Amino acid sequence: QVQLVESGGGLVQPGGSLRLSCAASGSIFSINAMGWYRQAPGKERELVAAITSGGRTNYADSVKGRFTISRDNAKNTVYLRMNSLKPEDTAVYYCNAAARLKWVPWGQGTQVTVSS
């Protein structure tokens, strides 16, 4: 059973940067593509970035050009570098498989708050 632990969130001013990490216990090799999701208060969880095992990436339009997803398969870790943060990026960020059918139990997430 894969367990996911997200970290790296915090309070940052608009225009600032953060780097999130997602450590997976067990192997994530069986999960082809990994994704970073976020859920803002009162909104549904949305996929913001995804990366295949081969390193191909895809981004939601709202974060394209500002966020970068990467993965280290040897460390079972997925990262999300977030630059030029905006107040609307405020949310709890989670990682999981990019494909719904391959979701494993969600971790606790990491809170990102963008505010001056």
# chains A, B, ... in the order shown; residues from 1 in each chain; ligands from 1
$ select_by_dssp --residues "range 36-102 of chain A" --states "strand (DSSP E or B)" --output "PyMOL selection string"
chain A and resi 36-39+46-52+57-59+67-72+77-82+91-97
$ select_by_dssp --residues "chain A" --states "helix (DSSP H, G or I)" --output "PDB file with all heavy atoms, in the first residue's frame"
ATOM      1  N   ASN A  73      12.481   9.173  -9.087  1.00  0.00           N
ATOM      2  CA  ASN A  73      11.977   7.817  -8.874  1.00  0.00           C
ATOM      3  C   ASN A  73      12.844   7.036  -7.888  1.00  0.00           C
ATOM      4  O   ASN A  73      12.351   6.179  -7.161  1.00  0.00           O
ATOM      5  CB  ASN A  73      11.888   7.073 -10.193  1.00  0.00           C
ATOM      6  CG  ASN A  73      10.778   7.619 -11.080  1.00  0.00           C
ATOM      7  OD1 ASN A  73       9.810   8.205 -10.592  1.00  0.00           O
ATOM      8  ND2 ASN A  73      10.931   7.469 -12.374  1.00  0.00           N
ATOM      9  N   ALA A  74      14.136   7.340  -7.845  1.00  0.00           N
ATOM     10  CA  ALA A  74      15.018   6.645  -6.908  1.00  0.00           C
ATOM     11  C   ALA A  74      14.673   6.982  -5.469  1.00  0.00           C
ATOM     12  O   ALA A  74      14.910   6.185  -4.556  1.00  0.00           O
ATOM     13  CB  ALA A  74      16.468   6.999  -7.200  1.00  0.00           C
ATOM     14  N   LYS A  75      14.127   8.181  -5.270  1.00  0.00           N
ATOM     15  CA  LYS A  75      13.759   8.616  -3.917  1.00  0.00           C
ATOM     16  C   LYS A  75      12.263   8.508  -3.667  1.00  0.00           C
ATOM     17  O   LYS A  75      11.789   8.898  -2.600  1.00  0.00           O
ATOM     18  CB  LYS A  75      14.218  10.051  -3.688  1.00  0.00           C
ATOM     19  CG  LYS A  75      15.724  10.241  -3.712  1.00  0.00           C
ATOM     20  CD  LYS A  75      16.090  11.692  -3.433  1.00  0.00           C
ATOM     21  CE  LYS A  75      17.598  11.888  -3.411  1.00  0.00           C
ATOM     22  NZ  LYS A  75      17.974  13.307  -3.154  1.00  0.00           N
ATOM     23  N   PRO A  87      -2.546  35.118  -4.767  1.00  0.00           N
ATOM     24  CA  PRO A  87      -3.501  34.774  -3.698  1.00  0.00           C
ATOM     25  C   PRO A  87      -4.440  33.634  -4.088  1.00  0.00           C
ATOM     26  O   PRO A  87      -4.802  32.821  -3.230  1.00  0.00           O
ATOM     27  CB  PRO A  87      -4.254  36.087  -3.492  1.00  0.00           C
ATOM     28  CG  PRO A  87      -3.273  37.143  -3.859  1.00  0.00           C
ATOM     29  CD  PRO A  87      -2.502  36.564  -5.010  1.00  0.00           C
ATOM     30  N   GLU A  88      -4.787  33.550  -5.357  1.00  0.00           N
ATOM     31  CA  GLU A  88      -5.693  32.473  -5.790  1.00  0.00           C
ATOM     32  C   GLU A  88      -5.033  31.101  -5.803  1.00  0.00           C
ATOM     33  O   GLU A  88      -5.705  30.096  -6.046  1.00  0.00           O
ATOM     34  CB  GLU A  88      -6.284  32.788  -7.171  1.00  0.00           C
ATOM     35  CG  GLU A  88      -5.278  33.155  -8.225  1.00  0.00           C
ATOM     36  CD  GLU A  88      -5.126  34.665  -8.383  1.00  0.00           C
ATOM     37  OE1 GLU A  88      -5.070  35.380  -7.345  1.00  0.00           O
ATOM     38  OE2 GLU A  88      -5.039  35.123  -9.541  1.00  0.00           O
ATOM     39  N   ASP A  89      -3.738  31.033  -5.549  1.00  0.00           N
ATOM     40  CA  ASP A  89      -3.068  29.737  -5.407  1.00  0.00           C
ATOM     41  C   ASP A  89      -3.231  29.170  -3.996  1.00  0.00           C
ATOM     42  O   ASP A  89      -2.824  28.036  -3.728  1.00  0.00           O
ATOM     43  CB  ASP A  89      -1.581  29.868  -5.712  1.00  0.00           C
ATOM     44  CG  ASP A  89      -1.299  30.232  -7.154  1.00  0.00           C
ATOM     45  OD1 ASP A  89      -1.963  29.664  -8.050  1.00  0.00           O
ATOM     46  OD2 ASP A  89      -0.414  31.082  -7.389  1.00  0.00           O
ATOM     47  N   ARG A 100      -7.497   9.027 -11.978  1.00  0.00           N
ATOM     48  CA  ARG A 100      -8.425   8.740 -10.882  1.00  0.00           C
ATOM     49  C   ARG A 100      -8.478   7.254 -10.542  1.00  0.00           C
ATOM     50  O   ARG A 100      -8.516   6.872  -9.377  1.00  0.00           O
ATOM     51  CB  ARG A 100      -9.820   9.237 -11.256  1.00  0.00           C
ATOM     52  CG  ARG A 100     -10.897   8.954 -10.231  1.00  0.00           C
ATOM     53  CD  ARG A 100     -12.265   9.409 -10.732  1.00  0.00           C
ATOM     54  NE  ARG A 100     -12.328  10.851 -10.851  1.00  0.00           N
ATOM     55  CZ  ARG A 100     -12.780  11.655  -9.889  1.00  0.00           C
ATOM     56  NH1 ARG A 100     -13.178  11.133  -8.733  1.00  0.00           N
ATOM     57  NH2 ARG A 100     -12.829  12.962 -10.066  1.00  0.00           N
ATOM     58  N   LEU A 101      -8.471   6.401 -11.549  1.00  0.00           N
ATOM     59  CA  LEU A 101      -8.592   4.962 -11.306  1.00  0.00           C
ATOM     60  C   LEU A 101      -7.388   4.391 -10.569  1.00  0.00           C
ATOM     61  O   LEU A 101      -7.443   3.265 -10.076  1.00  0.00           O
ATOM     62  CB  LEU A 101      -8.821   4.227 -12.629  1.00  0.00           C
ATOM     63  CG  LEU A 101     -10.172   4.470 -13.298  1.00  0.00           C
ATOM     64  CD1 LEU A 101     -10.259   3.705 -14.617  1.00  0.00           C
ATOM     65  CD2 LEU A 101     -11.318   4.057 -12.378  1.00  0.00           C
ATOM     66  N   LYS A 102      -6.300   5.159 -10.521  1.00  0.00           N
ATOM     67  CA  LYS A 102      -5.093   4.666  -9.849  1.00  0.00           C
ATOM     68  C   LYS A 102      -4.831   5.392  -8.529  1.00  0.00           C
ATOM     69  O   LYS A 102      -3.778   5.221  -7.928  1.00  0.00           O
ATOM     70  CB  LYS A 102      -3.876   4.813 -10.773  1.00  0.00           C
ATOM     71  CG  LYS A 102      -3.952   3.918 -11.999  1.00  0.00           C
ATOM     72  CD  LYS A 102      -2.662   3.948 -12.797  1.00  0.00           C
ATOM     73  CE  LYS A 102      -2.720   2.989 -13.965  1.00  0.00           C
ATOM     74  NZ  LYS A 102      -1.462   2.992 -14.751  1.00  0.00           N
TER      75      LYS A 102
END
$ closest_residue --among "A:Val5, A:Val78, A:Val12, A:Ile28" --to "Ser115 in chain A" --atoms "only C-alpha atoms"
A:Val12
$ closest_residue --among "A:Gln108, A:Ser84, A:Gln13, A:Ser21" --to "Ile69 in chain A" --atoms "only C-alpha atoms"
A:Ser21
$ atom_distance --atom1 "CA of Glu6 in chain A" --atom2 "CA of Thr90 in chain A"
15.6 Å
$ residues_around --residues "Gly8 in chain A" --least-positions-apart "6" --cutoff "12 Å" --atoms "only C-alpha atoms" --output "count of residues only"
20
